[in-house]
Structures are given as structure tokens and as C-alpha cells.
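Okay, so here's the structure we're looking at.
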Amino acid sequence: MNEDDTLPEAVRNMIGVPLYEERTEFPIEIGYVYNTCAAVENGNPLYWDEDAAQQIAGGRIAPPTMLSVWFRPHYWAPGATGERKALQAHFDIKALLDLPEAVVADNEASFGEPVRMGDVLTTCQIVRSIGPVKQTRLGTGRFWTIDVRTTNQHGEWVGTEAYTLLGYRRPAQ
Amino acid sequence: MNASLTPKLLSGDIKVGDRLPALEHRVTATTVVLGALASRDWRPMHHDKDFAVERNGTPNIFINTPNNAAWFERYITDWTGPFGRLGRLSFQMKTPVFPGDEMCFGGEVKALTADGTGCHWADLELGISVNGEPRTVGKARVAIPATIDDNPWRRKGERWQP
């Protein structure tokens, strides 16, 4: 294959650096916890019973899998313009490498300190690795992994969602 | 005030190869919309059937990713009880789940370990199938109390290594 395997400097410089720090638009609240548990009929007393939550987790917490819920923007807000893209670092890499297509190949969430009512969370995107040029079933491209790392207002780690993406160019492109 | 709560399931109660109790749930349009809005996912293919059919080429609206995660979490903690603490979750949605589908959840214990901090872990393989066809497959790692006095939720910092 004659593809140049060297990563452009602008892309190399992104690796390992926290990017696009973002804070939750509202403090963590119980309403969405109830909505989520009701939607899946989750009767876990940890999320419905104040005493159980106090005894088990030291207070009201949100189900760990709600991690990404807290960062989705309002559908509308005064003065909002345009659509915000989740995982901006991914779109940056895709543009810098001139790869027109992309798919999520894998994602894994890991959960740290519980998310508590009233918490204010901060997220950042860290490009963990970018692989060599590869020929795949979809086309020629590269795999890269981005960690979306979330911390609370005490600086404690509350979770990471790791996305492995394939950016590629179809054979005809 | 409740009486003192104790774990429903201890790591010693489990063996590799154990299967989680089955869970079946008939999905309606309301199931899909409730799940999407609870996860603040306003994209139209999760509430607008015309959009899903015309733009996504799917026969109907379908369950969104974070709601699928919430279903798996419920399935796991139905089994462990409230002392079970999820450490990791990954899954692939191979084919969407639509209104009218009956989701059948299955899960199997693939490994049981204790880490250097004394935390006991069960590694699970998970699936959602409809009429025997796998729709979503996944894996999870959940901490389970080793004794009735153990509580994974009280672990912090270095003592919590999912």
C-alpha cells in the first residue's frame, strides 16, 4: 500500500491532551433519575428509597449508566445557535486526516465515584491512540480511540466512555 | 427508617456458567419515547415514525443507545440487588429494537475474580434477543459483596478499580 502512514503534526499533537472541556448545563437532579428508572421499570431501591440510598451509597445517587445523559444539550435554549456535535475531537481527526466517512467500532463505559444529586460534572475528550493506515471491509482508513472522561466538582473521577472509531474513505471516494 | 439492609447476592453464591434469570419485555412506541426523552436524546428517529421510516429506512422508531444501557443496568441489578455496583459496560446494537418486539434478556457469568483491593467482580456476557434473533450483545463487570458486611458502593479512589 502506498498510503503515507505518517500522522500529520496537528493530529499527533492532539494525542493525550484533554480537549473540549465541558460542564453540565444543570446540577444533577432526581427527576431524570425517576424518568430513567420508570422507562425501564427499574425498581432498585437505591434510586427510589431515601433510606436505602443513605444506607447503601451514603445518599441519593444516579444510575451509573446515566453518565452521558447529563451532557446532552437542551433541545432549545435562549440564544442557542446551530447544532453542537458530540465528540468534537473525533470530527477534528476525521477532517485533519481527510477521511470522509466514520463509524463507531466499539464503545465501553467504566464507572467511578457515584454521581450524586447536586453534583456538577465536567467532561473532556482525550485522544488515546490513532492506529496505522488499514484496509478494511468498508474502505481504507484508521482506527482511533477517544476517552470521554468525566469528573465531579471535587475533581473525583466519575466515569469514562471510550469510543473506538473507524474513519475511512470508500474505495470509490 | 428501614431495618439495616443486607446484600441479596454474595459472590460466594455465584459460579462461572450461572445464567441470570430471564427477563422479557414487550416494547411499545411509549417504551421507545420514554427511554429517549429520559436520556435527553431528542433525535427524531426515537420519537417520529415518519422520520425513522423515510430518513433511517427502518420500519419504525427504535430504542436509543443510552436507554439500551439503562435496560442492561436494570437487568443486572435485578439479579444482584442494590448492593451490586456496575464497573464496566460495553455493547453492540446489531439490529434495532422496535415497537411490537418482545425483548428477551439473557446473561451468563463468564468469570469471577477478586482484585488486589479485595473487591469481588463478576464478568458477564449479556444479550437482548427478539424471537430468538440476537439484537444487542454486550459485556459487563459488576462488583458483588463478598460478605454481608461488604458494600462495593463504599469503595473510593484506589479501592475502586473497575
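Chain identifiers are assigned as A, B, and so on, following the order in which chains appear in the C-alpha cells; residues are numbered from 1 within each chain, and ligands are numbered from 1 in order of appearance.
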Please report, as a tab-separated table, each residue of chain B lying at most 6 Å from chain A, together with the nearest pair of atoms and the separation in Å rounded to one decimal; use only C-alpha atoms, and order rows by chain and ascending residue number.
```
residue	atom	partner	partner_atom	distance
B:Leu34	CA	A:Ala39	CA	5.4
B:Gly35	CA	A:Ala39	CA	5.2
B:Ala38	CA	A:Thr36	CA	5.1
B:Ser39	CA	A:Val69	CA	5.0
B:Trp71	CA	A:Val40	CA	5.7
B:Arg74	CA	A:Asn42	CA	5.3
B:Pro82	CA	A:Asn44	CA	5.9
B:Gly87	CA	A:Phe111	CA	5.2
B:Arg88	CA	A:Ser110	CA	4.3
B:Leu89	CA	A:Ala109	CA	5.3
B:Ser90	CA	A:Glu108	CA	4.3
B:Trp153	CA	A:Ala57	CA	5.5
```
Selected residues, C-alpha atoms, written as a PDB file, in the first residue's frame, please.
```pdb
ATOM      1  CA  LEU B  34     -39.936   7.323  27.361  1.00  0.00           C
ATOM      2  CA  GLY B  35     -36.407   5.940  27.087  1.00  0.00           C
ATOM      3  CA  ALA B  38     -35.379  10.246  29.848  1.00  0.00           C
ATOM      4  CA  SER B  39     -31.882  10.150  28.339  1.00  0.00           C
ATOM      5  CA  TRP B  71     -32.164  -1.691  30.325  1.00  0.00           C
ATOM      6  CA  ARG B  74     -31.745  -2.796  35.343  1.00  0.00           C
ATOM      7  CA  PRO B  82     -28.973  -2.802  45.204  1.00  0.00           C
ATOM      8  CA  GLY B  87     -17.985  -1.156  36.993  1.00  0.00           C
ATOM      9  CA  ARG B  88     -17.991  -1.535  33.211  1.00  0.00           C
ATOM     10  CA  LEU B  89     -20.467  -1.937  30.376  1.00  0.00           C
ATOM     11  CA  SER B  90     -19.993  -2.322  26.633  1.00  0.00           C
ATOM     12  CA  TRP B 153     -20.618   1.360  46.968  1.00  0.00           C
TER      13      TRP B 153
END
```
So which residues touch segment 91-104 of chain B within 6 Å, counting only C-alpha atoms, skipping near sequence neighbours fewer than 6 positions away, as a list in words?
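Contacts, with the query itself left out: Leu23, Glu24, His25, Arg26, Val27, Thr28, Ala29, Phe62, Ile63, Ile128, Ser129, Val130, Arg135, Thr136, Val137 and Gly138 of chain B.
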Produce a file of the selected residues containing N, CA and C atoms, as a compact mmCIF listing (two decimals), in the first residue's frame.
```
# COMPACT_ATOMS: atom_id res chain seq x y z
N LEU B 23 -35.51 -12.17 31.49
CA LEU B 23 -36.43 -11.03 31.61
C LEU B 23 -37.01 -10.79 30.22
N GLU B 24 -38.34 -10.69 30.17
CA GLU B 24 -38.99 -10.41 28.89
C GLU B 24 -39.78 -9.12 29.01
N HIS B 25 -39.73 -8.34 27.96
CA HIS B 25 -40.48 -7.08 27.98
C HIS B 25 -40.97 -6.73 26.58
N ARG B 26 -42.27 -6.54 26.46
CA ARG B 26 -42.88 -6.17 25.18
C ARG B 26 -42.72 -4.66 24.98
N VAL B 27 -42.08 -4.28 23.90
CA VAL B 27 -41.79 -2.87 23.62
C VAL B 27 -42.97 -2.22 22.90
N THR B 28 -43.34 -1.03 23.34
CA THR B 28 -44.34 -0.23 22.63
C THR B 28 -43.66 1.06 22.18
N ALA B 29 -44.38 1.87 21.39
CA ALA B 29 -43.85 3.18 21.00
C ALA B 29 -43.56 4.00 22.26
N PHE B 62 -36.97 3.39 17.03
CA PHE B 62 -36.25 2.30 17.70
C PHE B 62 -35.55 2.79 18.97
N ILE B 63 -35.26 1.84 19.85
CA ILE B 63 -34.65 2.15 21.16
C ILE B 63 -33.26 2.76 20.97
N ILE B 128 -29.71 -9.20 24.23
CA ILE B 128 -31.15 -8.97 24.06
C ILE B 128 -31.51 -9.61 22.72
N SER B 129 -32.46 -10.53 22.77
CA SER B 129 -32.89 -11.13 21.51
C SER B 129 -34.39 -10.93 21.33
N VAL B 130 -34.83 -11.00 20.07
CA VAL B 130 -36.25 -10.89 19.74
C VAL B 130 -36.57 -12.09 18.85
N ARG B 135 -30.27 -9.14 19.03
CA ARG B 135 -30.35 -7.75 18.58
C ARG B 135 -29.21 -6.92 19.17
N THR B 136 -28.93 -7.13 20.46
CA THR B 136 -27.83 -6.43 21.14
C THR B 136 -27.03 -7.46 21.91
N VAL B 137 -25.70 -7.37 21.81
CA VAL B 137 -24.84 -8.24 22.63
C VAL B 137 -23.89 -7.34 23.42
N GLY B 138 -23.55 -7.77 24.62
CA GLY B 138 -22.70 -6.91 25.44
C GLY B 138 -21.97 -7.65 26.52
```
Taking the DSSP assignment computed from this structure's backbone, write out as a short mmCIF file (atom, residue, chain, number, x, y, z; two decimals) with C-alpha atoms, in the first residue's frame all residues of chain A that belong to strand (DSSP E).
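Saved as selection21.cif:
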```
data_model
loop_
_atom_site.label_atom_id
_atom_site.label_comp_id
_atom_site.auth_asym_id
_atom_site.auth_seq_id
_atom_site.Cartn_x
_atom_site.Cartn_y
_atom_site.Cartn_z
CA LEU A 19 -9.69 18.73 24.84
CA TYR A 20 -13.13 20.36 24.76
CA GLU A 21 -13.77 20.65 28.47
CA GLU A 22 -17.50 20.96 29.04
CA ARG A 23 -19.66 21.33 32.13
CA GLU A 101 -16.75 8.53 6.48
CA ALA A 102 -16.72 7.17 10.02
CA VAL A 103 -18.41 4.53 12.13
CA VAL A 104 -18.26 3.67 15.82
CA ALA A 105 -16.43 0.34 16.02
CA ASP A 106 -16.69 -0.16 19.77
CA ASN A 107 -17.54 1.67 22.95
CA GLU A 108 -17.03 0.81 26.58
CA ALA A 109 -18.05 2.74 29.67
CA SER A 110 -16.33 2.44 33.04
CA PHE A 111 -17.84 3.94 36.16
CA THR A 122 -17.10 18.21 33.81
CA THR A 123 -16.12 16.21 30.79
CA CYS A 124 -13.15 16.32 28.46
CA GLN A 125 -12.12 14.36 25.38
CA ILE A 126 -8.73 12.66 25.31
CA VAL A 127 -7.46 11.05 22.12
CA ARG A 128 -5.80 7.93 23.48
CA SER A 129 -4.39 6.44 20.28
CA ILE A 130 -4.55 6.60 16.49
CA LYS A 134 -5.57 -0.10 7.38
CA GLN A 135 -7.52 -1.69 4.60
CA THR A 140 -9.04 2.47 3.66
CA GLY A 141 -8.68 4.35 6.92
CA ARG A 142 -7.55 4.33 10.52
CA PHE A 143 -8.95 3.34 13.89
CA TRP A 144 -8.70 5.80 16.77
CA THR A 145 -9.78 5.72 20.40
CA ILE A 146 -11.14 8.71 22.28
CA ASP A 147 -11.82 8.70 26.02
CA VAL A 148 -14.59 10.97 27.23
CA ARG A 149 -13.55 11.40 30.83
CA THR A 150 -15.90 12.80 33.45
CA THR A 151 -15.05 14.24 36.87
CA TRP A 157 -13.23 10.54 38.51
CA VAL A 158 -16.86 9.51 37.93
CA GLY A 159 -16.53 7.65 34.65
CA THR A 160 -15.08 7.31 31.19
CA GLU A 161 -16.70 6.39 27.91
CA ALA A 162 -14.10 5.05 25.50
CA TYR A 163 -15.06 5.18 21.82
CA THR A 164 -13.11 3.35 19.14
CA LEU A 165 -13.94 4.78 15.75
CA LEU A 166 -13.02 3.88 12.22
CA GLY A 167 -12.52 6.84 9.89
CA TYR A 168 -12.28 5.73 6.26
CA ARG A 169 -12.55 6.55 2.59
#
```
What's around segment 10-14 of chain B at 12 Å? Count only C-alpha atoms, leave out sequence neighbours fewer than 6 positions away in its own chain, and write the answer as a ChimeraX atom specification.
/B:20,79-84,108-114,118-124,142-152
Residues just named, written with C-alpha atoms as an mmCIF file, in the first residue's frame:
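The new file again02.cif reads:
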```cif
data_model
loop_
_atom_site.group_PDB
_atom_site.id
_atom_site.type_symbol
_atom_site.label_atom_id
_atom_site.label_comp_id
_atom_site.auth_asym_id
_atom_site.auth_seq_id
_atom_site.Cartn_x
_atom_site.Cartn_y
_atom_site.Cartn_z
ATOM 1 C CA LEU B 20 -29.077 -14.619 35.074
ATOM 2 C CA TRP B 79 -30.107 -10.034 39.753
ATOM 3 C CA THR B 80 -27.534 -8.569 42.168
ATOM 4 C CA GLY B 81 -29.866 -6.387 44.218
ATOM 5 C CA PRO B 82 -28.973 -2.802 45.204
ATOM 6 C CA PHE B 83 -25.524 -3.699 46.593
ATOM 7 C CA GLY B 84 -24.323 -4.721 43.113
ATOM 8 C CA GLU B 108 -24.153 -15.568 31.791
ATOM 9 C CA VAL B 109 -21.358 -15.342 34.366
ATOM 10 C CA LYS B 110 -18.095 -15.742 32.437
ATOM 11 C CA ALA B 111 -15.564 -15.058 35.205
ATOM 12 C CA LEU B 112 -15.385 -14.432 38.943
ATOM 13 C CA THR B 113 -12.360 -12.635 40.375
ATOM 14 C CA ALA B 114 -11.174 -10.709 43.418
ATOM 15 C CA GLY B 118 -10.453 -7.290 47.917
ATOM 16 C CA CYS B 119 -13.269 -6.224 45.601
ATOM 17 C CA HIS B 120 -15.164 -9.196 44.140
ATOM 18 C CA TRP B 121 -16.129 -8.983 40.467
ATOM 19 C CA ALA B 122 -18.424 -10.914 38.151
ATOM 20 C CA ASP B 123 -17.804 -10.598 34.419
ATOM 21 C CA LEU B 124 -21.000 -11.101 32.459
ATOM 22 C CA VAL B 142 -20.177 -5.791 38.281
ATOM 23 C CA ALA B 143 -18.884 -5.705 41.855
ATOM 24 C CA ILE B 144 -20.723 -8.028 44.227
ATOM 25 C CA PRO B 145 -20.345 -8.070 48.026
ATOM 26 C CA ALA B 146 -18.094 -10.838 49.336
ATOM 27 C CA THR B 147 -19.798 -10.933 52.747
ATOM 28 C CA ILE B 148 -22.951 -9.449 54.274
ATOM 29 C CA ASP B 149 -20.803 -6.631 55.707
ATOM 30 C CA ASP B 150 -19.179 -5.803 52.375
ATOM 31 C CA ASN B 151 -20.543 -2.929 50.301
ATOM 32 C CA PRO B 152 -18.937 -2.085 46.939
#
```
Residue set, segment 43-123 of chain A restricted to helix (DSSP H, G or I), as a list in words:
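Helix (DSSP H, G or I) members of segment 43-123 of chain A, listed: Pro45, Leu46, Tyr47, Trp48, Glu50, Asp51, Ala52, Ala53, Gln54, Gln55, Ile56, Ala57, Pro64, Thr65, Met66, Leu67, Ser68, Val69, Trp70, Phe71, Gln88, Ala89, His90, Phe91, Asp92, Ile93, Lys94, Ala95 and Leu96 of chain A.
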Taking into account only C-alpha atoms, which residue in the set B:His46, B:Gly157, B:Gly127, B:Val16 is nearest to Gly155 of chain A?
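When distances to Gly155 of chain A are compared using only C-alpha atoms, the smallest one comes from B:Gly157.
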Two-atom distance - atom CA of Arg12 of chain A, atom CA of Lys94 of chain A (Å):
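Computing it gives 13.0 Å between the two atoms.
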One number please: atom CA of Ile93 of chain A to atom CA of Pro8 of chain A, in Å, one decimal.
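Going from atom CA of Ile93 of chain A over to atom CA of Pro8 of chain A, I get 10.0 Å.
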What does the structure give for the distance between atom CA of Pro134 of chain B and atom CA of Gly57 of chain B, in Å to one decimal?
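Distance between the two atoms: 20.1 Å.
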Would you mind listing what lies within 10 Å of Leu7 of chain A as a short mmCIF file (atom, residue, chain, number, x, y, z; two decimals) with N, CA and C atoms, in the first residue's frame, with only C-alpha atoms counted and same-chain residues fewer than 6 positions away left out?
```cif
data_model
loop_
_atom_site.label_atom_id
_atom_site.label_comp_id
_atom_site.auth_asym_id
_atom_site.auth_seq_id
_atom_site.Cartn_x
_atom_site.Cartn_y
_atom_site.Cartn_z
N ASN A 13 -0.29 16.04 17.75
CA ASN A 13 -0.34 16.93 18.91
C ASN A 13 -1.62 16.79 19.73
N LEU A 96 -8.85 16.42 9.73
CA LEU A 96 -7.40 16.57 9.55
C LEU A 96 -6.81 15.42 8.73
N LEU A 97 -7.40 14.25 8.84
CA LEU A 97 -6.90 13.10 8.08
C LEU A 97 -7.63 12.96 6.73
N ILE A 130 -4.12 6.61 17.90
CA ILE A 130 -4.55 6.60 16.49
C ILE A 130 -3.72 5.54 15.78
N GLY A 131 -4.38 4.58 15.20
CA GLY A 131 -3.69 3.43 14.61
C GLY A 131 -3.14 3.71 13.22
N PRO A 132 -2.42 2.73 12.68
CA PRO A 132 -1.84 2.87 11.33
C PRO A 132 -2.93 2.78 10.25
N VAL A 133 -2.57 3.15 9.04
CA VAL A 133 -3.50 3.05 7.91
C VAL A 133 -3.82 1.57 7.68
#
```
